[in-house]
file target25.cif (mmCIF, C-alpha atoms)
data_run
#
loop_
_atom_site.label_atom_id
_atom_site.label_comp_id
_atom_site.auth_asym_id
_atom_site.auth_seq_id
_atom_site.Cartn_x
_atom_site.Cartn_y
_atom_site.Cartn_z
CA MET A 1 13.73 103.55 156.91
CA ASN A 2 14.16 104.52 160.51
CA ALA A 3 11.28 106.93 161.13
CA ASP A 4 13.18 108.68 163.87
CA VAL A 5 16.15 109.42 161.64
CA HIS A 6 13.88 110.52 158.82
CA ALA A 7 12.18 113.02 161.12
CA LEU A 8 15.51 114.85 161.31
CA ALA A 9 15.32 115.95 157.67
CA GLY A 10 13.57 119.20 158.59
CA ALA A 11 16.01 120.13 161.33
CA PHE A 12 18.89 119.18 159.04
CA ALA A 13 17.63 121.42 156.22
CA LEU A 14 17.38 124.27 158.73
CA ASP A 15 20.95 123.62 159.95
CA ALA A 16 19.40 122.99 163.36
CA LEU A 17 21.05 119.69 164.26
CA PRO A 18 23.81 119.65 166.88
CA PRO A 19 27.14 118.53 165.31
CA ASP A 20 26.99 114.87 166.38
CA GLU A 21 23.46 114.40 165.10
CA ALA A 22 24.26 116.26 161.90
CA ALA A 23 27.16 113.89 161.27
CA ALA A 24 24.98 110.86 161.94
CA PHE A 25 22.27 112.19 159.66
CA ARG A 26 24.79 112.89 156.87
CA GLU A 27 25.92 109.30 157.10
CA HIS A 28 22.34 108.13 156.81
CA LEU A 29 21.72 110.57 153.97
CA ALA A 30 24.52 109.09 151.91
CA GLN A 31 22.56 105.85 151.55
CA CYS A 32 18.98 107.09 151.60
CA SER A 33 17.93 108.53 148.28
CA ALA A 34 14.43 109.35 149.55
CA CYS A 35 16.03 111.44 152.28
CA GLN A 36 18.31 113.14 149.75
CA ASP A 37 15.30 114.15 147.68
CA GLU A 38 13.45 115.40 150.70
CA VAL A 39 16.40 117.40 152.01
CA ALA A 40 16.94 118.91 148.56
CA GLU A 41 13.32 120.06 148.46
CA LEU A 42 13.42 121.39 151.99
CA HIS A 43 16.57 123.34 151.17
CA VAL A 44 14.65 124.97 148.33
CA THR A 45 11.89 125.85 150.76
CA ALA A 46 14.33 127.23 153.30
CA ALA A 47 15.93 129.35 150.57
CA HIS A 48 12.57 131.08 150.13
CA LEU A 49 12.82 132.16 153.75
CA GLY A 50 16.23 133.60 152.96
CA VAL A 51 15.02 135.53 149.94
CA ALA A 52 12.13 136.85 152.00
CA VAL A 53 14.45 138.88 154.24
CA ALA A 54 16.55 140.30 151.40
CA GLU A 55 18.30 143.53 152.20
CA ARG A 56 20.72 145.48 150.06
CA PRO A 57 24.30 145.37 151.39
CA PRO A 58 26.55 148.44 151.32
CA PRO A 59 28.28 148.95 147.94
CA ARG A 60 31.73 148.28 149.42
CA VAL A 61 30.86 144.61 149.77
CA ARG A 62 30.51 144.24 146.02
CA GLU A 63 33.86 145.88 145.44
CA ALA A 64 35.50 143.64 148.03
CA VAL A 65 34.01 140.53 146.46
CA LEU A 66 35.17 141.39 142.96
CA ARG A 67 38.61 142.40 144.17
CA ALA A 68 39.01 139.13 146.07
CA ALA A 69 37.76 137.12 143.10
CA SER A 70 40.26 138.75 140.76
CA GLN A 71 43.01 137.55 143.08
CA THR A 72 41.67 134.06 143.70
CA ARG A 73 42.05 131.04 141.50
CA GLN A 74 38.93 129.02 140.86
CA LEU A 75 38.94 125.31 141.60
CA PRO A 76 39.77 123.28 138.53
CA PRO A 77 36.68 121.96 136.82
CA THR A 78 35.91 118.31 137.15
CA THR A 79 35.12 116.57 133.91
CA ARG A 80 31.42 116.55 134.03
CA VAL A 81 29.41 114.12 132.05
CA ALA A 82 26.06 115.39 130.91
CA ALA A 83 23.09 114.33 132.94
CA ALA A 84 21.39 111.21 131.73
CA THR A 85 19.05 111.90 128.90
CA GLU A 86 15.65 110.31 128.79
CA ARG A 87 16.15 106.58 128.92
CA HIS A 88 14.31 104.15 126.75
CA ARG A 89 12.51 101.72 128.95
CA PRO A 90 12.12 98.00 128.86
CA ARG A 91 11.92 96.05 125.68
CA ARG A 92 12.21 92.40 124.91
CA ARG A 93 15.40 91.02 126.28
CA VAL A 94 15.91 87.42 125.29
CA TRP A 95 19.22 86.81 126.93
CA LEU A 96 18.96 89.44 129.60
CA ALA A 97 15.58 88.37 130.88
CA ALA A 98 17.06 85.29 132.48
CA ALA A 99 19.54 87.41 134.28
CA ALA A 100 17.30 90.16 135.53
CA ALA A 101 18.05 89.23 139.11
CA ALA A 102 21.74 89.59 138.50
CA VAL A 103 21.45 93.17 137.48
CA VAL A 104 22.46 95.66 140.06
CA VAL A 105 22.90 99.06 138.59
CA ALA A 106 24.01 101.78 140.90
CA ALA A 107 23.51 104.97 139.04
CA GLY A 108 22.46 107.22 141.91
CA SER A 109 19.70 109.73 141.56
CA ALA A 110 18.73 111.65 138.46
CA GLY A 111 21.26 114.08 137.15
CA LEU A 112 24.18 111.83 137.82
CA THR A 113 27.50 113.54 137.61
CA ALA A 114 30.76 111.69 137.42
CA THR A 115 34.17 113.00 138.18
CA LEU A 116 36.39 111.38 135.69
CA ASP A 117 39.63 113.12 136.29
CA ASP A 118 39.94 114.64 139.66
CA ASP A 119 43.20 116.37 138.96
CA GLY A 120 41.28 118.63 136.62
CA SER A 121 43.50 118.01 133.62
CA ALA A 122 41.59 118.61 130.45
CA PRO A 123 41.35 115.55 128.28
CA VAL A 124 42.86 115.88 124.82
CA ALA A 125 40.14 116.09 122.22
CA GLN A 126 41.88 113.79 119.75
CA ASP A 127 42.06 110.96 122.24
CA PRO A 128 39.20 108.58 121.35
CA VAL A 129 38.49 107.97 125.02
CA ALA A 130 38.30 111.70 125.69
CA ARG A 131 36.05 112.12 122.70
CA VAL A 132 33.47 109.82 124.28
CA VAL A 133 33.86 111.16 127.77
CA THR A 134 33.54 114.79 126.73
CA ALA A 135 30.69 114.26 124.27
CA PRO A 136 27.75 116.50 125.14
CA ASP A 137 25.43 113.52 125.43
CA ALA A 138 27.85 111.30 127.37
CA ASP A 139 26.05 109.28 129.99
CA VAL A 140 27.83 107.54 132.80
CA GLU A 141 26.72 104.54 134.72
CA VAL A 142 28.23 102.37 137.41
CA ALA A 143 27.21 98.73 137.37
CA ARG A 144 28.05 96.34 140.17
CA LEU A 145 28.92 92.81 139.24
CA ARG A 146 27.29 89.83 140.75
CA GLY A 147 30.14 88.38 142.82
CA GLY A 148 31.96 91.66 143.30
CA GLY A 149 33.67 94.50 141.49
CA ARG A 150 32.18 97.18 139.34
CA LEU A 151 32.19 98.62 135.88
CA THR A 152 32.03 102.26 135.01
CA VAL A 153 30.59 102.81 131.58
CA VAL A 154 30.55 106.14 129.78
CA ALA A 155 28.58 105.99 126.57
CA SER A 156 27.79 108.55 123.91
CA GLU A 157 25.09 107.90 121.40
CA GLN A 158 26.43 110.72 119.25
CA VAL A 159 29.95 109.31 119.06
CA GLY A 160 28.58 105.77 118.90
CA GLN A 161 31.18 104.54 121.36
CA ALA A 162 31.53 103.72 125.01
CA VAL A 163 34.41 103.67 127.45
CA VAL A 164 34.47 100.93 130.06
CA LEU A 165 36.61 100.90 133.18
CA SER A 166 36.71 98.09 135.69
CA LYS A 167 37.46 98.13 139.36
CA ARG A 168 38.07 95.35 141.84
CA LEU A 169 36.78 92.52 139.67
CA PRO A 170 37.42 89.15 141.27
CA PRO A 171 40.51 87.67 139.60
CA VAL A 172 39.89 85.02 136.98
CA GLY A 173 42.04 81.95 136.35
CA THR A 174 44.60 81.88 133.53
CA ASP A 175 42.09 80.04 131.39
CA GLU A 176 39.38 82.66 131.71
CA VAL A 177 38.75 86.26 130.73
CA TYR A 178 36.11 88.90 131.27
CA GLN A 179 34.33 89.75 128.05
CA LEU A 180 32.21 92.78 127.20
CA TRP A 181 29.05 92.61 125.14
CA LEU A 182 26.70 95.00 123.46
CA VAL A 183 23.14 93.83 123.76
CA ASP A 184 20.59 95.28 121.38
CA PRO A 185 16.95 95.94 122.27
CA ASP A 186 16.03 92.51 120.91
CA GLY A 187 18.37 90.86 123.37
CA GLU A 188 20.95 89.90 120.77
CA ALA A 189 24.48 90.04 122.16
CA ARG A 190 27.51 90.92 120.07
CA SER A 191 31.03 90.78 121.38
CA ALA A 192 32.71 94.01 122.40
CA ASP A 193 36.00 92.31 122.96
CA VAL A 194 37.83 90.96 125.95
CA LEU A 195 38.06 93.35 128.88
CA ILE A 196 41.44 94.72 129.80
CA ASP A 197 41.07 94.58 133.54
CA ALA A 198 43.83 96.81 134.82
CA PRO A 199 43.73 99.88 137.03
CA GLY A 200 43.12 102.91 134.86
CA ALA A 201 42.72 100.90 131.67
CA ALA A 202 39.99 102.39 129.52
CA ASN A 203 38.35 99.90 127.20
CA LEU A 204 36.99 101.57 124.10
CA VAL A 205 33.86 99.94 122.75
CA ARG A 206 32.97 100.90 119.19
CA SER A 207 29.78 100.53 117.17
CA VAL A 208 27.46 101.33 120.04
CA ARG A 209 23.95 101.80 118.71
CA PRO A 210 21.05 103.57 120.40
CA GLY A 211 19.31 101.20 122.79
CA ASP A 212 22.36 99.00 123.27
CA GLN A 213 23.22 97.83 126.74
CA VAL A 214 26.73 97.01 127.89
CA ALA A 215 27.07 93.67 129.65
CA ILE A 216 29.93 91.58 131.00
CA THR A 217 30.48 87.84 131.40
CA ARG A 218 33.28 85.45 132.26
CA GLU A 219 34.42 83.41 129.28
CA PRO A 220 37.09 80.90 128.38
CA ALA A 221 40.45 82.45 127.47
CA GLY A 222 40.31 84.04 124.03
CA GLY A 223 36.67 84.98 124.40
CA SER A 224 33.49 83.56 122.98
CA GLU A 225 31.29 84.23 119.97
CA GLN A 226 28.23 84.31 122.16
CA PRO A 227 27.99 84.71 125.93
CA SER A 228 28.15 81.41 127.74
CA MET A 229 26.59 82.62 130.95
CA ALA A 230 24.06 85.12 132.27
CA PRO A 231 25.63 88.57 132.49
CA LEU A 232 27.44 89.49 135.68
CA ALA A 233 26.26 93.05 135.19
CA VAL A 234 24.46 95.04 132.57
CA THR A 235 23.89 98.76 132.11
CA ASP A 236 20.78 100.66 131.12
CA PRO A 237 20.29 101.15 127.38
CA VAL A 238 22.41 103.84 125.72
CA MET B 1 10.30 154.78 147.43
CA VAL B 2 9.51 152.18 150.02
CA GLY B 3 6.92 150.68 147.72
CA GLU B 4 9.29 150.52 144.81
CA HIS B 5 11.97 148.98 146.97
CA SER B 6 9.79 146.21 148.30
CA ARG B 7 8.31 145.49 144.91
CA ARG B 8 11.76 144.92 143.50
CA LEU B 9 12.66 142.59 146.34
CA ARG B 10 9.42 140.71 145.98
CA SER B 11 10.19 140.02 142.39
CA VAL B 12 13.44 138.34 143.31
CA PRO B 13 12.22 134.79 143.98
CA GLY B 14 10.69 134.13 140.59
CA ALA B 15 12.63 136.44 138.35
CA ALA B 16 16.12 135.79 139.63
CA GLN B 17 16.07 132.06 139.25
CA PRO B 18 16.94 131.28 135.64
CA ASP B 19 19.34 134.20 135.52
CA ALA B 20 21.20 133.08 138.59
CA ASP B 21 21.74 129.61 137.12
CA GLN B 22 23.05 131.05 133.85
CA LEU B 23 25.22 133.56 135.64
CA LEU B 24 26.71 130.91 137.88
CA LEU B 25 27.54 128.74 134.88
CA ALA B 26 29.24 131.73 133.25
CA THR B 27 31.05 132.45 136.51
CA ALA B 28 32.39 128.89 136.40
CA ARG B 29 34.14 129.82 133.15
CA GLY B 30 36.08 132.53 134.94
CA ASP B 31 33.82 135.36 133.87
CA GLU B 32 34.25 138.04 136.54
CA ALA B 33 31.51 140.20 135.04
CA ALA B 34 29.12 137.27 135.45
CA LEU B 35 30.12 137.04 139.09
CA GLY B 36 29.32 140.74 139.42
CA ALA B 37 25.92 140.23 137.83
CA LEU B 38 25.29 137.18 140.00
CA TYR B 39 26.21 139.27 142.99
CA ASP B 40 23.67 141.92 141.98
CA VAL B 41 20.95 139.29 141.75
CA MET B 42 21.77 137.34 144.89
CA ALA B 43 23.55 139.66 147.30
CA PRO B 44 20.41 141.15 148.89
CA ALA B 45 19.18 137.68 149.87
CA VAL B 46 22.63 136.61 151.05
CA TYR B 47 23.26 139.73 153.08
CA GLY B 48 19.70 139.91 154.41
CA LEU B 49 19.77 136.30 155.56
CA ALA B 50 23.22 136.62 157.12
CA ARG B 51 22.17 139.80 158.90
CA ARG B 52 18.99 138.16 160.11
CA VAL B 53 20.95 135.30 161.68
CA VAL B 54 24.05 137.04 163.04
CA ARG B 55 22.47 140.46 163.66
CA ASP B 56 25.75 142.32 163.46
CA PRO B 57 25.90 144.15 160.09
CA ALA B 58 29.70 143.99 159.96
CA ARG B 59 29.67 140.21 160.41
CA ALA B 60 26.92 139.97 157.80
CA GLU B 61 29.15 141.84 155.36
CA GLU B 62 31.99 139.41 156.07
CA ILE B 63 29.71 136.45 155.52
CA THR B 64 28.48 137.96 152.26
CA GLN B 65 32.05 138.32 151.04
CA ASP B 66 32.95 134.81 152.15
CA VAL B 67 29.93 133.34 150.45
CA PHE B 68 30.58 135.04 147.13
CA LEU B 69 34.24 134.14 147.22
CA SER B 70 33.19 130.51 147.78
CA VAL B 71 30.73 130.85 144.93
CA TRP B 72 33.58 132.08 142.73
CA ARG B 73 35.93 129.28 143.77
CA PHE B 74 33.40 126.47 143.68
CA ALA B 75 31.36 127.61 140.68
CA THR B 76 33.04 124.93 138.60
CA ARG B 77 31.42 122.31 140.80
CA PHE B 78 27.89 123.65 140.51
CA ASP B 79 25.54 121.19 138.86
CA PRO B 80 22.26 122.74 137.70
CA GLY B 81 20.82 119.23 137.48
CA LYS B 82 20.93 119.00 141.24
CA GLY B 83 19.31 122.27 142.16
CA SER B 84 19.16 125.97 141.44
CA ALA B 85 21.96 128.45 141.96
CA ARG B 86 19.74 130.36 144.33
CA THR B 87 19.20 127.39 146.62
CA TRP B 88 22.88 126.48 146.43
CA ILE B 89 23.98 129.99 147.40
CA LEU B 90 21.43 130.45 150.17
CA THR B 91 22.15 127.02 151.65
CA LEU B 92 25.80 128.03 151.73
CA THR B 93 24.89 131.37 153.31
CA HIS B 94 22.75 129.89 156.04
CA ARG B 95 25.34 127.30 156.95
CA ARG B 96 28.05 129.95 157.11
CA ALA B 97 25.91 132.27 159.22
CA VAL B 98 25.01 129.50 161.63
CA ASP B 99 28.67 128.46 161.87
CA VAL B 100 29.60 132.01 162.77
CA VAL B 101 26.91 132.20 165.42
CA ARG B 102 27.85 128.86 166.92
CA SER B 103 31.62 129.29 166.85
CA ASP B 104 31.43 132.44 168.89
CA ASP B 105 33.25 131.97 172.14
CA ALA B 106 31.48 130.46 175.08
CA ALA B 107 31.13 133.69 176.99
CA THR B 108 29.51 135.51 174.10
CA ARG B 109 27.35 132.53 173.51
CA ARG B 110 26.16 132.52 177.10
CA GLU B 111 25.49 136.21 176.85
CA GLN B 112 23.51 135.73 173.68
CA ARG B 113 21.53 132.94 175.22
CA ALA B 114 20.72 135.06 178.25
CA ALA B 115 19.64 137.86 175.95
CA ALA B 116 17.57 135.51 173.91
CA TYR B 117 15.79 134.25 177.00
CA ASP B 118 15.27 137.80 178.21
CA THR B 119 13.61 138.70 174.97
CA PRO B 120 10.23 137.09 174.75
CA PHE B 121 10.45 134.86 171.74
CA ASP B 122 7.36 136.46 170.24
CA THR B 123 9.50 139.53 169.77
CA VAL B 124 11.92 137.50 167.72
CA LEU B 125 9.06 136.09 165.72
CA GLU B 126 7.26 139.38 165.29
CA GLU B 127 10.41 141.03 164.14
CA ALA B 128 11.03 138.21 161.71
CA SER B 129 7.52 138.42 160.34
CA ALA B 130 7.71 142.17 160.01
CA ARG B 131 10.82 141.84 157.95
CA LEU B 132 9.51 139.14 155.71
CA GLN B 133 9.21 140.88 152.42
CA GLY B 134 8.11 137.99 150.33
CA GLU B 135 4.36 138.27 150.36
CA GLN B 136 3.91 134.70 149.25
CA VAL B 137 6.24 133.38 151.89
CA ARG B 138 4.44 135.38 154.55
CA GLU B 139 1.07 134.10 153.39
CA CYS B 140 2.31 130.55 153.32
CA LEU B 141 3.74 130.86 156.82
CA GLU B 142 0.20 131.64 157.94
CA THR B 143 -0.84 128.16 156.86
CA LEU B 144 1.51 126.57 159.42
CA THR B 145 0.39 125.82 162.94
CA GLU B 146 1.83 128.17 165.50
CA LEU B 147 4.26 125.60 166.80
CA GLN B 148 5.41 124.65 163.31
CA ARG B 149 5.97 128.28 162.39
CA GLU B 150 7.83 129.08 165.59
CA SER B 151 10.04 126.02 165.27
CA VAL B 152 10.97 126.75 161.67
CA LEU B 153 11.57 130.47 162.14
CA LEU B 154 13.57 130.18 165.35
CA ALA B 155 15.81 127.60 163.73
CA TYR B 156 16.24 129.41 160.42
CA TYR B 157 16.36 133.06 161.40
CA GLY B 158 17.46 132.56 164.98
CA GLY B 159 20.20 130.07 164.06
CA TYR B 160 19.17 127.90 166.99
CA THR B 161 19.61 124.14 167.15
CA TYR B 162 16.49 122.11 167.70
CA PRO B 163 17.37 121.38 171.36
CA GLU B 164 17.65 125.15 171.83
CA VAL B 165 14.33 125.70 170.12
CA SER B 166 12.87 123.01 172.34
CA ALA B 167 14.10 124.89 175.40
CA LEU B 168 12.82 128.23 174.08
CA LEU B 169 9.38 126.91 173.34
CA ASP B 170 9.32 124.51 176.27
CA VAL B 171 8.21 121.56 174.20
CA LYS B 172 9.71 118.08 173.98
CA LEU B 173 12.62 117.38 171.65
CA PRO B 174 10.85 114.88 169.39
CA THR B 175 7.95 117.31 169.04
CA VAL B 176 10.24 120.08 167.82
CA LYS B 177 11.95 117.79 165.31
CA THR B 178 8.61 116.74 163.93
CA ARG B 179 7.25 120.28 163.81
CA MET B 180 10.29 121.51 161.92
CA ARG B 181 9.86 118.88 159.29
CA ASP B 182 6.08 119.14 159.06
CA GLY B 183 6.28 122.91 158.98
CA LEU B 184 8.80 122.94 156.15
CA ILE B 185 6.80 120.39 154.21
CA ARG B 186 3.66 122.44 154.57
CA LEU B 187 5.55 125.54 153.52
CA ARG B 188 6.99 123.69 150.55
CA ASP B 189 3.57 122.52 149.45
CA CYS B 190 2.15 126.01 149.81
CA LEU B 191 4.95 127.60 147.82
CA GLY B 192 4.87 124.88 145.20
CA ALA B 193 8.61 125.16 145.38
CA TRP B 194 10.52 122.56 143.52
CA ARG B 195 13.50 124.61 142.65
#

call {"tool": "encode", "arguments": {"input": "target25.cif", "output": "structure tokens"}}
result
Amino acid sequence: MNADVHALAGAFALDALPPDEAAAFREHLAQCSACQDEVAELHVTAAHLGVAVAERPPPRVREAVLRAASQTRQLPPTTRVAAATERHRPRRRVWLAAAAAAVVVAAGSAGLTATLDDDGSAPVAQDPVARVVTAPDADVEVARLRGGGRLTVVASEQVGQAVVLSKRLPPVGTDEVYQLWLVDPDGEARSADVLIDAPGAANLVRSVRPGDQVAITREPAGGSEQPSMAPLAVTDPV
Amino acid sequence: MVGEHSRRLRSVPGAAQPDADQLLLATARGDEAALGALYDVMAPAVYGLARRVVRDPARAEEITQDVFLSVWRFATRFDPGKGSARTWILTLTHRRAVDVVRSDDAATRREQRAAAYDTPFDTVLEEASARLQGEQVRECLETLTELQRESVLLAYYGGYTYPEVSALLDVKLPTVKTRMRDGLIRLRDCLGAWR
């Protein structure tokens, strides 16, 4: 990390950067999780300074706020997926071990929140996809594929299902498909069907068990019984 | 009376926290009464901070209204996993107050700068310290070096950019940047503040 840029975290948290430097720092911040953590902590600290000079405002301000609120629509809620619950950490992974280097999971920092429908429309509860996505324990993860593209996986242990969406996967020939797998803690893979790789297509994966990981491979058309290659991407255990 | 008043304010940092989170979550569900209760918990800090930065009580009232209307509108986007409601609201407040100060027209800005230079900066700092009602915060500020404390307070309460602070204190730019960060880190460690 550029030490000079990092030194700006304090000034940034105090809103003391001139506009151009603030913009540059924000750009850096987007890809520096250590900086994000530090800025978050320093914002907490700065807030203490704010509380320390508390002073009661005139009563008319309260009235004005409530009046304005009663006449103002709130932004539609995004569909929030519950923060990741405690993950179960490494176990024996027969098949996955060979592919450890292939695994690039971009899940962001703790407390990951995914916006699943930006238009704010409430998913219908009967829809099996919505059932997974809105489950209280739903956990979302973005996995980048070796060779390009990414998978977004929303899994709910409670519902026992996962929803998989793909984006920008490299096209496969007519004689190949992408196939999804569930991999148990012992490293045994079972097929979760061929991936429908289309914009907006939600692949429903059933029979997800606690500790399962979702993985993807390229297989001959029609799919395989067992994966024929190391996974292109794999998620953390459900 | 004075004693009772300051005791209540002092209790804000610890006591308000869980409530503010809950109230903000309720506000997100369109609960106007929750917004009112959240206002009661947070408004003194919001107004006090805004007033501290912009000075003008009328502008501070406007900022307070703006902030709470934003809180109302954006409550649905609040994620307690990423930080407390209190930090969220005060970060919003400070940014708004600083925007107001900095978007003032050039003439006013020049005037303010002249005034700021006319006022010895210790006066700014003394005034700030005198108004610090959080005992713990005041004690922790004592653990900072003088330059750290001055850098942090002039930026936060004065609404100055770090080049401006550098000019006020007559120290080099990189030094001010470093002192701001080191000062905040020391303050953080002293307060044990993680939320």

call {"tool": "atom_distance", "arguments": {"input": "target25.cif", "atom1": "atom CA of Val5 of chain A", "atom2": "atom CA of Ser84 of chain B"}}
result
26.3 Å

call {"tool": "atom_distance", "arguments": {"input": "target25.cif", "atom1": "atom CA of Arg52 of chain B", "atom2": "atom CA of Ala16 of chain A"}}
result
15.5 Å

call {"tool": "residues_near_point", "arguments": {"input": "target25.cif", "point": "(39.7, 137.5, 146.7)", "cutoff": "12 Å", "atoms": "only C-alpha atoms", "output": "list in words"}}
result
Val61, Arg62, Glu63, Ala64, Val65, Leu66, Arg67, Ala68, Ala69, Ser70, Gln71, Thr72, Arg73 and Gln74 of chain A; Glu32, Gln65, Asp66, Val67, Phe68, Leu69, Ser70, Val71, Trp72 and Arg73 of chain B

call {"tool": "resolve_selection", "arguments": {"input": "target25.cif", "expression": "the PyMOL selection byres ((chain A) within 6 of (chain B))", "output": "list of chain:residue names"}}
result
A:Ala7, A:Gly10, A:Ala11, A:Leu14, A:Ala16, A:Leu17, A:Val44, A:Thr45, A:Ala47, A:Gly50, A:Val51, A:Ala52, A:Val53, A:Ala54, A:Glu55, A:Arg56, A:Pro57, A:Val65, A:Gln74, A:Leu75, A:Pro77, A:Gly111

call {"tool": "atom_distance", "arguments": {"input": "target25.cif", "atom1": "atom CA of Ala20 of chain B", "atom2": "atom CA of Glu38 of chain A"}}
result
22.8 Å

call {"tool": "resolve_selection", "arguments": {"input": "target25.cif", "expression": "the PyMOL selection byres ((chain A and resi 168) around 8)", "output": "PyMOL selection string"}}
result
chain A and resi 148-150+166-167+169-170

call {"tool": "resolve_selection", "arguments": {"input": "target25.cif", "expression": "the PyMOL selection byres ((chain A and resi 152) around 10)", "output": "JSON, numbers by chain"}}
result
{"A": [106, 107, 114, 140, 141, 142, 143, 144, 150, 151, 153, 154, 155, 163, 164, 165, 166, 167, 202, 235]}

call {"tool": "closest_residue", "arguments": {"input": "target25.cif", "among": "A:Thr217, A:Ser191, A:Gln31, A:Ser156", "to": "Glu176 of chain A", "atoms": "all atoms listed in the file"}}
result
A:Thr217

call {"tool": "residues_around", "arguments": {"input": "target25.cif", "residues": "Ser228 of chain A", "least_positions_apart": "6", "cutoff": "9 Å", "atoms": "all atoms listed in the file", "output": "list in words"}}
result
Thr217, Arg218, Glu219 and Pro220 of chain A

call {"tool": "build_atoms", "arguments": {"input": "target25.cif", "residues": "segment 150-168 of chain B", "atoms": "N, CA and C atoms", "output": "short mmCIF file (atom, residue, chain, number, x, y, z; two decimals), keeping the file's coordinate frame"}}
result
data_model
loop_
_atom_site.label_atom_id
_atom_site.label_comp_id
_atom_site.auth_asym_id
_atom_site.auth_seq_id
_atom_site.Cartn_x
_atom_site.Cartn_y
_atom_site.Cartn_z
N GLU B 150 6.82 128.65 164.62
CA GLU B 150 7.83 129.08 165.59
C GLU B 150 9.08 128.22 165.49
N SER B 151 8.88 126.92 165.34
CA SER B 151 10.04 126.02 165.27
C SER B 151 10.90 126.33 164.05
N VAL B 152 10.23 126.50 162.92
CA VAL B 152 10.97 126.75 161.67
C VAL B 152 11.69 128.10 161.73
N LEU B 153 10.98 129.13 162.17
CA LEU B 153 11.57 130.47 162.14
C LEU B 153 12.68 130.65 163.17
N LEU B 154 12.51 130.06 164.34
CA LEU B 154 13.57 130.18 165.35
C LEU B 154 14.83 129.45 164.89
N ALA B 155 14.64 128.33 164.22
CA ALA B 155 15.81 127.60 163.73
C ALA B 155 16.47 128.36 162.59
N TYR B 156 15.65 128.82 161.62
CA TYR B 156 16.24 129.41 160.42
C TYR B 156 16.76 130.82 160.65
N TYR B 157 15.92 131.68 161.20
CA TYR B 157 16.36 133.06 161.40
C TYR B 157 17.12 133.24 162.71
N GLY B 158 16.78 132.42 163.70
CA GLY B 158 17.46 132.56 164.98
C GLY B 158 18.79 131.82 165.01
N GLY B 159 18.96 130.85 164.08
CA GLY B 159 20.20 130.07 164.06
C GLY B 159 20.29 129.13 165.24
N TYR B 160 19.16 128.79 165.83
CA TYR B 160 19.17 127.90 166.99
C TYR B 160 19.13 126.43 166.55
N THR B 161 19.72 125.58 167.39
CA THR B 161 19.61 124.14 167.15
C THR B 161 18.23 123.70 167.66
N TYR B 162 17.83 122.51 167.26
CA TYR B 162 16.49 122.11 167.70
C TYR B 162 16.40 121.89 169.21
N PRO B 163 17.49 121.42 169.89
CA PRO B 163 17.37 121.38 171.36
C PRO B 163 17.18 122.78 171.95
N GLU B 164 17.82 123.77 171.34
CA GLU B 164 17.65 125.15 171.83
C GLU B 164 16.23 125.64 171.59
N VAL B 165 15.71 125.31 170.42
CA VAL B 165 14.33 125.70 170.12
C VAL B 165 13.37 125.01 171.09
N SER B 166 13.69 123.76 171.40
CA SER B 166 12.87 123.01 172.34
C SER B 166 12.85 123.69 173.70
N ALA B 167 14.02 124.19 174.12
CA ALA B 167 14.10 124.89 175.40
C ALA B 167 13.33 126.22 175.35
N LEU B 168 13.50 126.93 174.22
CA LEU B 168 12.82 128.23 174.08
C LEU B 168 11.31 128.09 174.12
#
